[in-house]
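Asks: Below is the file model_39.txt, which contains compact mmCIF, C-alpha atoms.
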# COMPACT_ATOMS: atom_id res chain seq x y z
CA MET N 1102 11.05 24.68 40.00
CA THR N 1103 10.00 21.75 37.88
CA SER N 1104 8.72 21.79 34.32
CA LEU N 1105 5.19 21.44 35.65
CA GLN N 1106 5.50 24.91 37.17
CA LEU N 1107 6.48 26.64 33.94
CA ASP N 1108 4.28 29.48 32.64
CA PHE N 1109 3.46 29.12 28.96
CA SER N 1110 1.46 32.35 28.93
CA ASP N 1111 -1.67 30.42 29.88
CA ASP N 1112 -1.34 28.33 26.72
CA ILE N 1113 -2.40 24.85 27.78
CA ARG N 1114 -2.23 23.35 24.31
CA PRO N 1115 0.10 20.39 23.71
CA LEU N 1116 3.65 21.20 22.64
CA ALA N 1117 2.94 20.01 19.09
CA ALA N 1118 0.14 22.59 18.77
CA ARG N 1119 2.18 25.40 20.34
CA MET N 1120 5.10 24.78 17.99
CA ARG N 1121 3.03 24.95 14.81
CA PRO N 1122 4.81 27.45 12.51
CA GLN N 1123 3.10 30.75 11.77
CA GLN N 1124 5.11 31.67 8.68
CA LEU N 1125 5.73 29.71 5.51
CA ALA N 1126 9.47 30.29 5.93
CA ASP N 1127 9.35 28.35 9.22
CA TYR N 1128 7.59 25.34 7.70
CA VAL N 1129 9.81 22.26 8.00
CA GLY N 1130 9.94 19.55 5.35
CA GLN N 1131 8.00 19.03 2.10
CA GLN N 1132 10.45 21.18 0.16
CA HIS N 1133 9.44 19.39 -3.02
CA LEU N 1134 6.10 21.20 -2.59
CA VAL N 1135 6.83 24.51 -0.85
CA ALA N 1136 10.46 25.39 -1.55
CA PRO N 1137 10.84 28.92 -3.01
CA GLY N 1138 10.22 28.80 -6.73
CA THR N 1139 7.84 25.83 -6.68
CA PRO N 1140 4.35 26.42 -8.13
CA LEU N 1141 2.65 25.91 -4.76
CA HIS N 1142 5.02 28.32 -2.99
CA LYS N 1143 4.36 30.97 -5.63
CA ALA N 1144 0.61 30.47 -5.36
CA ILE N 1145 0.62 30.64 -1.55
CA THR N 1146 2.79 33.75 -1.31
CA ALA N 1147 0.67 35.46 -3.97
CA GLY N 1148 -2.52 34.62 -2.08
CA ARG N 1149 -3.82 32.58 -5.01
CA VAL N 1150 -5.22 29.45 -3.45
CA PHE N 1151 -7.12 26.58 -4.97
CA SER N 1152 -8.66 23.38 -3.71
CA LEU N 1153 -6.16 20.76 -2.61
CA ILE N 1154 -5.98 17.21 -1.34
CA LEU N 1155 -3.05 16.82 1.05
CA TRP N 1156 -2.08 13.15 1.13
CA GLY N 1157 0.58 11.93 3.53
CA PRO N 1158 1.35 10.05 6.73
CA PRO N 1159 0.46 11.50 10.16
CA GLY N 1160 2.64 14.27 11.49
CA THR N 1161 3.97 15.49 8.15
CA GLY N 1162 2.42 18.97 8.23
CA LYS N 1163 -0.93 18.69 6.45
CA THR N 1164 -2.89 20.82 8.94
CA THR N 1165 -0.06 23.32 9.29
CA LEU N 1166 0.18 23.76 5.53
CA ALA N 1167 -3.57 24.38 5.32
CA GLU N 1168 -3.34 27.05 8.04
CA LEU N 1169 -0.45 28.77 6.28
CA ILE N 1170 -2.38 28.77 3.00
CA ALA N 1171 -5.37 30.35 4.74
CA SER N 1172 -3.27 33.05 6.39
CA HIS N 1173 -1.57 34.07 3.14
CA ALA N 1174 -4.91 34.14 1.32
CA ASN N 1175 -6.54 36.28 3.99
CA ALA N 1176 -9.21 33.59 4.24
CA ALA N 1177 -11.06 32.41 7.32
CA MET N 1178 -10.15 28.83 8.09
CA GLN N 1179 -12.92 26.52 9.17
CA ARG N 1180 -12.19 22.97 10.29
CA ILE N 1181 -14.28 19.84 10.33
CA SER N 1182 -13.18 16.28 10.93
CA ALA N 1183 -14.70 13.40 9.04
CA VAL N 1184 -14.23 11.30 12.18
CA THR N 1185 -16.98 13.18 14.04
CA ALA N 1186 -18.82 15.23 11.40
CA GLY N 1187 -21.74 14.32 9.16
CA VAL N 1188 -23.90 15.99 6.52
CA LYS N 1189 -25.33 18.40 9.15
CA GLU N 1190 -21.88 19.70 10.06
CA ILE N 1191 -21.04 20.06 6.36
CA ARG N 1192 -24.21 22.12 5.77
CA ASP N 1193 -23.49 24.30 8.80
CA ALA N 1194 -19.96 24.96 7.57
CA ILE N 1195 -21.22 25.88 4.10
CA SER N 1196 -23.88 28.21 5.56
CA GLU N 1197 -21.25 30.02 7.64
CA ALA N 1198 -19.01 30.33 4.57
CA LYS N 1199 -21.86 31.87 2.55
CA LEU N 1200 -22.69 34.30 5.34
CA ARG N 1201 -19.04 35.28 5.68
CA GLN N 1202 -18.81 35.88 1.96
CA GLN N 1203 -21.97 38.02 1.90
CA GLN N 1204 -21.32 40.12 4.98
CA TYR N 1205 -17.54 40.48 5.02
CA GLN N 1206 -16.53 39.59 1.44
CA GLN N 1207 -14.06 37.13 2.97
CA ARG N 1208 -13.30 33.73 1.54
CA THR N 1209 -13.48 30.56 3.62
CA LEU N 1210 -10.91 27.82 3.50
CA LEU N 1211 -12.69 24.68 4.65
CA PHE N 1212 -10.18 22.18 6.00
CA VAL N 1213 -11.56 18.64 6.18
CA ASP N 1214 -9.36 16.31 8.21
CA GLU N 1215 -9.50 12.56 7.54
CA VAL N 1216 -11.60 13.33 4.46
CA HIS N 1217 -11.35 9.71 3.28
CA ARG N 1218 -13.71 8.73 6.12
CA PHE N 1219 -16.61 10.54 4.47
CA ASN N 1220 -18.83 8.35 2.30
CA LYS N 1221 -19.72 9.16 -1.30
CA ALA N 1222 -22.82 11.19 -0.45
CA GLN N 1223 -20.95 13.24 2.12
CA GLN N 1224 -18.09 13.94 -0.29
CA ASP N 1225 -20.58 14.93 -3.01
CA ALA N 1226 -22.05 17.54 -0.67
CA PHE N 1227 -18.95 19.71 -1.15
CA LEU N 1228 -19.01 19.73 -4.96
CA PRO N 1229 -21.42 22.59 -5.80
CA HIS N 1230 -19.79 24.86 -3.22
CA ILE N 1231 -16.33 24.19 -4.58
CA GLU N 1232 -17.69 24.93 -8.04
CA ASP N 1233 -19.26 28.29 -7.15
CA GLY N 1234 -16.33 29.45 -5.03
CA THR N 1235 -18.15 29.45 -1.71
CA ILE N 1236 -15.28 27.48 -0.19
CA ILE N 1237 -11.66 26.74 -0.89
CA PHE N 1238 -11.61 23.02 -0.17
CA ILE N 1239 -8.56 21.42 1.41
CA GLY N 1240 -8.87 17.78 2.42
CA ALA N 1241 -6.28 15.91 4.44
CA THR N 1242 -5.96 12.16 4.15
CA THR N 1243 -3.58 9.38 5.07
CA GLU N 1244 -5.18 7.10 2.47
CA ASN N 1245 -4.57 6.91 -1.27
CA PRO N 1246 -7.01 9.47 -2.76
CA ALA N 1247 -7.39 7.38 -5.91
CA PHE N 1248 -9.14 4.73 -3.80
CA ALA N 1249 -10.58 6.78 -0.93
CA LEU N 1250 -12.07 9.80 -2.71
CA ASN N 1251 -14.69 10.28 -5.42
CA ASN N 1252 -13.47 11.06 -8.91
CA ALA N 1253 -15.65 14.16 -8.86
CA VAL N 1254 -13.77 15.51 -5.85
CA LEU N 1255 -10.39 14.59 -7.31
CA SER N 1256 -11.21 16.36 -10.57
CA ARG N 1257 -11.77 19.63 -8.68
CA ALA N 1258 -8.69 19.51 -6.47
CA ARG N 1259 -4.97 19.18 -6.92
CA VAL N 1260 -3.39 16.28 -5.03
CA CYS N 1261 -0.22 17.13 -3.09
CA VAL N 1262 1.79 14.20 -1.73
CA LEU N 1263 3.49 14.86 1.59
CA LYS N 1264 6.41 12.64 2.55
CA PRO N 1265 7.56 11.44 5.99
CA LEU N 1266 9.94 13.99 7.46
CA THR N 1267 13.63 13.17 7.18
CA GLU N 1268 15.81 12.86 10.28
CA GLN N 1269 17.31 16.25 9.39
CA ASP N 1270 13.81 17.75 9.33
CA LEU N 1271 12.96 16.15 12.68
CA GLN N 1272 16.25 17.31 14.15
CA GLN N 1273 15.34 20.87 13.19
CA VAL N 1274 11.92 20.49 14.85
CA LEU N 1275 13.52 18.99 17.97
CA HIS N 1276 16.10 21.73 18.52
CA HIS N 1277 13.59 24.47 17.77
CA ALA N 1278 11.26 23.07 20.43
CA LEU N 1279 14.08 22.75 22.97
CA ASN N 1280 15.36 26.29 22.46
CA THR N 1281 12.19 28.32 21.84
CA GLU N 1282 10.24 30.14 24.55
CA PRO N 1283 7.62 30.74 25.72
CA ALA N 1284 5.83 28.38 23.30
CA GLY N 1285 8.59 25.80 23.39
CA LEU N 1286 10.72 24.31 26.17
CA GLY N 1287 13.47 26.93 26.11
CA ALA N 1288 12.84 28.08 29.67
CA LEU N 1289 13.74 24.61 30.94
CA LYS N 1290 17.29 24.84 29.55
CA LEU N 1291 17.19 21.17 28.65
CA SER N 1292 19.75 19.43 26.48
CA ILE N 1293 19.69 15.99 24.91
CA ALA N 1294 22.49 13.43 24.63
CA ALA N 1295 23.59 12.46 21.14
CA ASP N 1296 22.52 8.83 21.52
CA ALA N 1297 19.17 9.92 22.99
CA GLU N 1298 18.63 12.27 20.07
CA ARG N 1299 19.38 9.54 17.53
CA LEU N 1300 16.98 7.17 19.26
CA LEU N 1301 14.23 9.77 19.48
CA LEU N 1302 14.57 10.63 15.80
CA GLN N 1303 14.40 6.95 14.86
CA LEU N 1304 11.36 6.30 17.05
CA SER N 1305 9.56 9.30 15.56
CA ALA N 1306 9.59 7.59 12.13
CA GLY N 1307 9.11 10.77 10.12
CA ASP N 1308 6.25 12.03 12.33
CA ALA N 1309 6.86 15.48 13.86
CA ARG N 1310 3.78 15.23 16.08
CA ARG N 1311 5.02 11.95 17.56
CA LEU N 1312 8.43 13.54 18.15
CA LEU N 1313 7.00 16.55 19.98
CA ASN N 1314 4.59 14.46 22.04
CA VAL N 1315 7.42 12.24 23.28
CA LEU N 1316 9.63 15.27 23.89
CA GLU N 1317 6.90 16.87 25.97
CA GLN N 1318 6.63 13.73 28.11
CA LEU N 1319 10.41 13.73 28.58
CA ALA N 1320 10.34 17.40 29.59
CA GLU N 1321 7.67 16.74 32.23
CA LEU N 1322 9.91 14.10 33.82
CA ALA N 1323 13.21 15.96 33.52
CA GLU N 1324 14.75 18.42 35.96
CA PRO N 1325 15.34 21.91 34.55
CA GLY N 1326 18.85 22.26 33.17
CA SER N 1327 19.32 18.49 32.87
CA CYS N 1328 20.33 16.37 29.90
CA ILE N 1329 17.82 13.92 28.44
CA THR N 1330 19.34 10.45 28.18
CA ALA N 1331 18.68 7.50 25.92
CA GLU N 1332 17.50 5.52 28.94
CA GLN N 1333 14.83 8.14 29.62
CA VAL N 1334 13.70 7.97 26.01
CA LYS N 1335 13.39 4.19 26.31
CA GLN N 1336 11.34 4.57 29.48
CA VAL N 1337 8.90 6.96 27.84
CA VAL N 1338 8.73 4.96 24.62
CA PRO N 1339 9.48 1.33 25.64
CA GLN N 1340 9.08 0.13 22.08
CA GLN N 1341 8.50 1.71 18.73
CA LEU N 1342 4.87 1.83 17.71
CA ALA N 1343 4.94 0.35 14.25
CA GLY N 1344 3.21 2.35 11.58
CA PHE N 1345 0.32 0.19 10.42
CA ASP N 1346 -3.26 0.37 9.26
CA ARG N 1347 -5.06 -2.88 8.62
CA GLU N 1348 -7.08 -1.40 5.78
CA GLY N 1349 -4.84 1.43 4.61
CA ASP N 1350 -1.90 2.13 2.37
CA VAL N 1351 0.72 1.25 4.98
CA PHE N 1352 -0.66 -2.28 5.25
CA TYR N 1353 -0.64 -2.83 1.50
CA ASP N 1354 2.80 -1.25 1.17
CA LEU N 1355 4.18 -3.69 3.75
CA ILE N 1356 2.51 -6.65 2.04
CA SER N 1357 3.87 -5.45 -1.30
CA ALA N 1358 7.39 -5.16 0.15
CA PHE N 1359 7.09 -8.67 1.61
CA HIS N 1360 5.89 -10.19 -1.68
CA LYS N 1361 8.60 -8.47 -3.70
CA SER N 1362 11.29 -9.53 -1.24
CA VAL N 1363 10.28 -13.19 -1.54
CA ARG N 1364 10.06 -12.89 -5.32
CA GLY N 1365 13.47 -11.21 -5.29
CA SER N 1366 15.01 -14.11 -3.33
CA ASP N 1367 15.94 -12.03 -0.26
CA PRO N 1368 15.07 -14.04 2.87
CA ASP N 1369 16.33 -11.33 5.25
CA ALA N 1370 14.04 -8.70 3.74
CA ALA N 1371 11.14 -11.17 3.66
CA LEU N 1372 11.53 -11.84 7.39
CA TYR N 1373 11.92 -8.14 8.13
CA TRP N 1374 8.69 -7.11 6.39
CA TYR N 1375 6.85 -10.09 7.86
CA ALA N 1376 7.95 -9.04 11.35
CA ARG N 1377 6.89 -5.46 10.63
CA ILE N 1378 3.43 -6.69 9.69
CA LEU N 1379 3.20 -8.69 12.92
CA ALA N 1380 4.51 -5.77 15.01
CA GLY N 1381 1.74 -3.60 13.60
CA GLY N 1382 -0.96 -6.09 14.54
CA GLY N 1383 -1.32 -7.66 11.11
CA ASP N 1384 -2.91 -11.06 10.61
CA PRO N 1385 -0.24 -13.77 10.12
CA LEU N 1386 -2.71 -15.78 8.04
CA TYR N 1387 -2.90 -12.93 5.55
CA VAL N 1388 0.83 -13.45 5.03
CA ALA N 1389 0.26 -17.20 4.77
CA ARG N 1390 -2.31 -16.60 2.04
CA ARG N 1391 0.12 -14.35 0.22
CA LEU N 1392 2.76 -17.10 0.40
CA LEU N 1393 0.34 -19.45 -1.37
CA ALA N 1394 -0.09 -16.85 -4.09
CA ILE N 1395 3.69 -16.48 -4.37
CA ALA N 1396 4.14 -20.25 -4.56
CA SER N 1397 1.92 -20.48 -7.65
CA GLU N 1398 2.68 -17.10 -9.23
CA ASP N 1399 6.43 -16.70 -8.74
CA ILE N 1400 7.76 -20.22 -8.12
CA GLY N 1401 5.35 -22.52 -9.87
CA ASN N 1402 6.84 -25.75 -11.18
CA ALA N 1403 10.40 -24.60 -10.57
CA ASP N 1404 9.75 -26.03 -7.09
CA PRO N 1405 6.27 -27.55 -6.64
CA ARG N 1406 7.14 -28.26 -2.99
CA ALA N 1407 6.77 -24.54 -2.26
CA LEU N 1408 2.99 -24.78 -2.53
CA THR N 1409 2.91 -27.71 -0.13
CA LEU N 1410 5.19 -25.99 2.38
CA ALA N 1411 3.05 -22.83 2.30
CA LEU N 1412 -0.08 -24.91 2.93
CA ASN N 1413 1.69 -26.75 5.75
CA ALA N 1414 2.66 -23.45 7.38
CA TRP N 1415 -0.97 -22.29 7.30
CA ASP N 1416 -2.11 -25.64 8.72
CA THR N 1417 0.53 -25.47 11.45
CA PHE N 1418 -0.66 -22.03 12.53
CA SER N 1419 -4.26 -23.27 12.69
CA ARG N 1420 -3.26 -26.30 14.77
CA VAL N 1421 -0.75 -24.87 17.27
CA GLY N 1422 -1.57 -21.16 17.46
CA PRO N 1423 0.41 -17.96 16.94
CA ALA N 1424 3.60 -18.61 18.91
CA GLU N 1425 4.75 -21.62 16.89
CA GLY N 1426 2.53 -20.86 13.92
CA GLU N 1427 4.16 -17.52 13.20
CA ARG N 1428 7.51 -19.28 13.13
CA ALA N 1429 6.19 -21.86 10.67
CA ILE N 1430 5.09 -19.05 8.35
CA ALA N 1431 8.55 -17.50 8.72
CA GLN N 1432 10.08 -20.85 7.75
CA ALA N 1433 7.92 -21.00 4.66
CA ALA N 1434 8.81 -17.42 3.77
CA VAL N 1435 12.53 -18.19 3.89
CA TYR N 1436 12.10 -21.36 1.82
CA LEU N 1437 10.04 -19.57 -0.82
CA ALA N 1438 12.51 -16.71 -0.95
CA LEU N 1439 15.35 -19.12 -1.71
CA ALA N 1440 13.36 -21.39 -4.02
CA PRO N 1441 14.03 -21.23 -7.78
CA LYS N 1442 11.64 -18.85 -9.47
CA SER N 1443 9.39 -19.30 -12.48
CA ASN N 1444 6.26 -17.47 -13.54
CA ALA N 1445 5.77 -19.68 -16.60
CA VAL N 1446 2.48 -21.19 -15.41
CA TYR N 1447 1.24 -17.76 -14.29
CA MET N 1448 2.04 -16.22 -17.68
CA ALA N 1449 0.62 -19.14 -19.67
CA PHE N 1450 -2.63 -19.17 -17.72
CA ASN N 1451 -3.09 -15.39 -18.05
CA ARG N 1452 -2.42 -15.56 -21.79
CA ILE N 1453 -4.96 -18.33 -22.25
CA LYS N 1454 -7.60 -16.44 -20.26
CA GLN N 1455 -6.98 -13.36 -22.38
CA GLN N 1456 -7.32 -15.33 -25.60
CA ILE N 1457 -10.54 -16.97 -24.42
CA ALA N 1458 -11.96 -13.52 -23.69
CA GLU N 1459 -11.01 -12.22 -27.14
CA MET N 1460 -11.63 -15.27 -29.38
CA PRO N 1461 -14.70 -17.30 -30.39
CA ASP N 1462 -15.77 -20.34 -28.39
CA TYR N 1463 -14.15 -22.96 -30.59
CA PRO N 1464 -16.02 -26.30 -30.57
CA VAL N 1465 -14.46 -29.31 -28.91
CA PRO N 1466 -12.84 -31.52 -31.60
CA LEU N 1467 -14.96 -34.62 -32.31
CA HIS N 1468 -12.35 -37.13 -31.12
CA LEU N 1469 -12.25 -35.42 -27.66
CA ARG N 1470 -16.02 -35.30 -27.14
CA ASN N 1471 -17.86 -37.46 -24.66
CA ALA N 1472 -19.92 -40.30 -26.19
CA PRO N 1473 -22.17 -41.88 -23.54
CA THR N 1474 -25.01 -42.66 -26.00
CA ALA N 1475 -25.30 -44.52 -29.28
CA LEU N 1476 -26.48 -41.37 -31.04
CA GLN N 1477 -23.40 -39.46 -30.01
CA LYS N 1478 -21.20 -42.29 -31.21
CA GLN N 1479 -23.04 -42.25 -34.56
CA LEU N 1480 -22.27 -38.53 -34.77
CA GLY N 1481 -18.57 -39.28 -34.43
CA HIS N 1482 -18.06 -38.24 -30.84
CA GLY N 1483 -14.89 -39.86 -29.52
CA ALA N 1484 -14.06 -41.42 -32.91
CA GLU N 1485 -10.38 -42.01 -33.61
CA TYR N 1486 -9.45 -40.99 -30.09
CA ARG N 1487 -6.14 -42.60 -29.15
CA TYR N 1488 -5.97 -43.89 -25.58
CA ALA N 1489 -2.59 -42.70 -24.31
CA HIS N 1490 -1.96 -45.77 -22.10
CA ASN N 1491 -2.07 -48.00 -25.17
CA GLU N 1492 0.61 -45.96 -26.94
CA PRO N 1493 4.41 -46.36 -26.67
CA GLY N 1494 5.60 -44.57 -23.56
CA ALA N 1495 1.95 -43.80 -22.72
CA TYR N 1496 2.11 -40.90 -25.16
CA ALA N 1497 0.02 -40.62 -28.34
CA ALA N 1498 2.56 -38.77 -30.47
CA GLY N 1499 0.98 -36.38 -32.93
CA GLU N 1500 -2.41 -36.40 -31.23
CA ARG N 1501 -4.01 -32.93 -31.04
CA TYR N 1502 -5.93 -31.74 -27.99
CA LEU N 1503 -6.43 -28.05 -28.75
CA PRO N 1504 -9.01 -26.77 -31.23
CA PRO N 1505 -7.52 -26.73 -34.76
CA GLU N 1506 -7.46 -22.91 -34.73
CA LEU N 1507 -4.94 -23.02 -31.85
CA TRP N 1508 -2.65 -25.85 -33.00
CA HIS N 1509 0.14 -23.35 -33.55
CA GLU N 1510 0.02 -22.09 -29.96
CA GLN N 1511 2.46 -23.13 -27.22
CA PHE N 1512 1.22 -21.32 -24.15
CA TYR N 1513 3.39 -22.93 -21.48
CA GLN N 1514 7.05 -22.05 -21.82
CA PRO N 1515 8.86 -23.62 -18.86
CA SER N 1516 11.98 -21.97 -17.50
CA GLU N 1517 15.37 -23.60 -17.15
CA ARG N 1518 15.35 -23.15 -13.36
CA GLY N 1519 14.83 -25.70 -10.62
CA MET N 1520 12.63 -28.70 -11.22
CA GLU N 1521 11.00 -26.90 -14.14
CA LYS N 1522 14.16 -27.52 -16.12
CA GLN N 1523 13.22 -31.22 -16.14
CA LEU N 1524 9.71 -30.34 -17.31
CA ALA N 1525 11.22 -28.25 -20.10
CA GLU N 1526 13.35 -31.21 -21.20
CA LYS N 1527 10.30 -33.49 -21.10
CA LEU N 1528 8.25 -31.02 -23.12
CA ARG N 1529 10.98 -30.69 -25.76
CA TYR N 1530 11.15 -34.48 -26.02
CA LEU N 1531 7.37 -34.79 -26.46
CA ARG N 1532 7.32 -32.07 -29.07
CA GLU N 1533 10.08 -33.88 -30.98
CA LEU N 1534 7.93 -37.03 -30.97
CA ASP N 1535 5.02 -34.97 -32.28
CA ALA N 1536 7.18 -33.56 -35.06
CA GLN N 1537 8.42 -37.03 -36.04
CA SER N 1538 4.83 -38.33 -36.06
CA GLN N 1539 3.71 -35.49 -38.32
CA THR N 1540 6.62 -36.20 -40.69
CA LYS N 1541 5.67 -39.87 -40.97
CA ARG N 1542 2.05 -38.92 -41.80
CA GLN N 1543 3.08 -36.73 -44.71
CA PRO N 1544 2.85 -38.48 -48.16
Let me see whether you can do it: turn the structure in this file into structure tokens.
Replies:
Amino acid sequence: MTSLQLDFSDDIRPLAARMRPQQLADYVGQQHLVAPGTPLHKAITAGRVFSLILWGPPGTGKTTLAELIASHANAAMQRISAVTAGVKEIRDAISEAKLRQQQYQQRTLLFVDEVHRFNKAQQDAFLPHIEDGTIIFIGATTENPAFALNNAVLSRARVCVLKPLTEQDLQQVLHHALNTEPAGLGALKLSIAADAERLLLQLSAGDARRLLNVLEQLAELAEPGSCITAEQVKQVVPQQLAGFDREGDVFYDLISAFHKSVRGSDPDAALYWYARILAGGGDPLYVARRLLAIASEDIGNADPRALTLALNAWDTFSRVGPAEGERAIAQAAVYLALAPKSNAVYMAFNRIKQQIAEMPDYPVPLHLRNAPTALQKQLGHGAEYRYAHNEPGAYAAGERYLPPELWHEQFYQPSERGMEKQLAEKLRYLRELDAQSQTKRQP
């Protein structure tokens, strides 16, 4: 008898659905939220439920937690998915909840999956019914609620952050599925080799649903009583599907890790996160654009060549295509990671922009003004301006170019790293000439 002949009591649901825990004590992971003694655990076991936003990656138990909350609260659970539902489905769900409340005095827990996919108007449709207690609202999202949800919704719900399951959590899910019957695979008497188990846990990447889906495929191919091997795991999952969302938090987390690795002068980490972005289908030119930002923000004049190299990598990609172009971007990433770092220009520019926003619009000093007409010359525009090329060393020592109100400011403070060290020495020298010129002018 093969696994395809097994009787699961007419339950044709996928393994992941059959293995969903029915008791809070059987819930795996998220102990920071539901461990005995935590506020949420106390509320659930007491049947006191409130509106929640469950935010976490796929396969971390958001739907299961909502079902457990509903069962402990003796509430009917109604599900809608923002992927397929619209305002009509929301209204229908609310109408059913009101009818249930009137006829059976039973509360309704409305579980909205992928809630971040609803637009503002659709999200607003829930608000009055959350307010009057018609529904207990639980939304599940893989996106940051601060960006994806209305403030009005967030103010009426507590946000619970679910984390990817640990390998120990996944191991518990795996062995429970292998040994449980009839819902699980216990009747097959399967075992799994240690190296196959390690590989499967790694490929699952904190996602229990992914683990159980792969395990179910393995069970369909295995003979009853056999041992699942690492080679079989590789055949079912030839390569890890990288977690990635071009517009979601995972994407921006990967970009953030890449930027911080380059800034932190770690070329290995920079290449790793860059490869992760590519493996997930990310745009290499987005990384190239980020390298240009890094070259000006984090390297600056400590190595001005970084900006040129980043531009060259982008140009190379545009000219020769992805195969060689991706490598050129990798080359630039390594160079920028190992380049000396300075944010002096970045800091100076930001400080100046802030001061301009907060201070008056000081007039341009007369000697710096343009004087294309006789009238402007009569008004003193350009008078006493010293042409730098006619001065010793092509520098007009003591000349002022900022408005008088800002003469005391020194916005740019070069670092002592890389080529910027030479700029710092040059700036100190020029400031010494200015000081000497001012001394000579004093009576």
Asks: So for stretch 1388-1406 of chain N, what box centre and size do we get, axis-aligned, 5 Å extra on each of the six sides, every listed atom, Å to one decimal, as lines of an AutoDock Vina configuration file?
Replies:
center_x = 4.0
center_y = -20.9
center_z = -3.1
size_x = 22.7
size_y = 24.8
size_z = 26.2
Asks: Considering all atoms listed in the file, can you say which of N:Lys1478, N:Arg1257, N:Leu1507, N:Ala1176 comes closest to N:Ile1457?
Replies: N:Leu1507
Asks: Give me the residues near N:Arg1192 as a ChimeraX atom specification, where near means some atom within 10 Å (using only C-alpha atoms) and where sequence neighbours in that chain fewer than 6 positions away do not count.
Replies: /N:1198,1226-1227
Asks: What would the file look like if the residues just selected were written as a PDB file, in the coordinates of the input with C-alpha atoms?
Replies:
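Contents of result_31.pdb, freshly written:
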ATOM      1  CA  ALA N1198     -19.010  30.330   4.570  1.00  0.00           C
ATOM      2  CA  ALA N1226     -22.050  17.540  -0.670  1.00  0.00           C
ATOM      3  CA  PHE N1227     -18.950  19.710  -1.150  1.00  0.00           C
TER       4      PHE N1227
END
Asks: So how many Å separate atom CA of N:Val1135 and atom CA of N:Thr1209, to one decimal?
Replies: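 Interatomic distance, atom CA of N:Val1135 to atom CA of N:Thr1209: 21.7 Å.
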Asks: Any idea what's packed within 10 Å of N:Asn1280, counting only C-alpha atoms, ignoring anything in its chain fewer than 5 positions away? Could you give it as a list in words?
Replies: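 So the residues in contact are Leu1275, Gly1285, Leu1286, Gly1287, Ala1288, Leu1289, Lys1290, Leu1291 and Ser1292 of chain N.
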Asks: Determine the nearest neighbour of N:Glu1398 from the options N:Ala1484, N:Ala1445, N:Ile1453, N:Leu1166, counting only C-alpha atoms.
Replies: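 Closest candidate: N:Ala1445.
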Asks: Give me the residues near N:Thr1146 as a ChimeraX atom specification, where near means some atom within 9 Å (using all atoms listed in the file) and where sequence neighbours in that chain fewer than 4 positions away do not count.
Replies: /N:1125,1141-1142,1170,1173-1174
Asks: Please list as a list in words every residue within 9 Å of N:Leu1372, counting all atoms listed in the file and excluding residues in the same chain fewer than 6 positions away.
Replies: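 Selected residues are Phe1359, Ser1362, Ala1431, Ala1434 and Val1435 of chain N.
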Asks: Name the closest residue to N:Ala1144 among the candidates N:Ala1171, N:Lys1522, N:Pro1158, N:Ser1443; distances are taken between atoms, counting all atoms listed in the file.
Replies: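 Using all atoms listed in the file, N:Ala1144 sits closest to N:Ala1171.
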Asks: Mind giving me the straight-line distance from atom CA of N:Ile1378 to atom CA of N:Ser1357 in Å, one decimal?
Replies: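 Taking atom CA of N:Ile1378 as the start and atom CA of N:Ser1357 as the end point, the length is 11.1 Å.
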Asks: Any idea what the distance is between atom CA of N:Gln1224 and atom CA of N:Val1254?
Replies: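 Taking atom CA of N:Gln1224 and atom CA of N:Val1254, their separation equals 7.2 Å.
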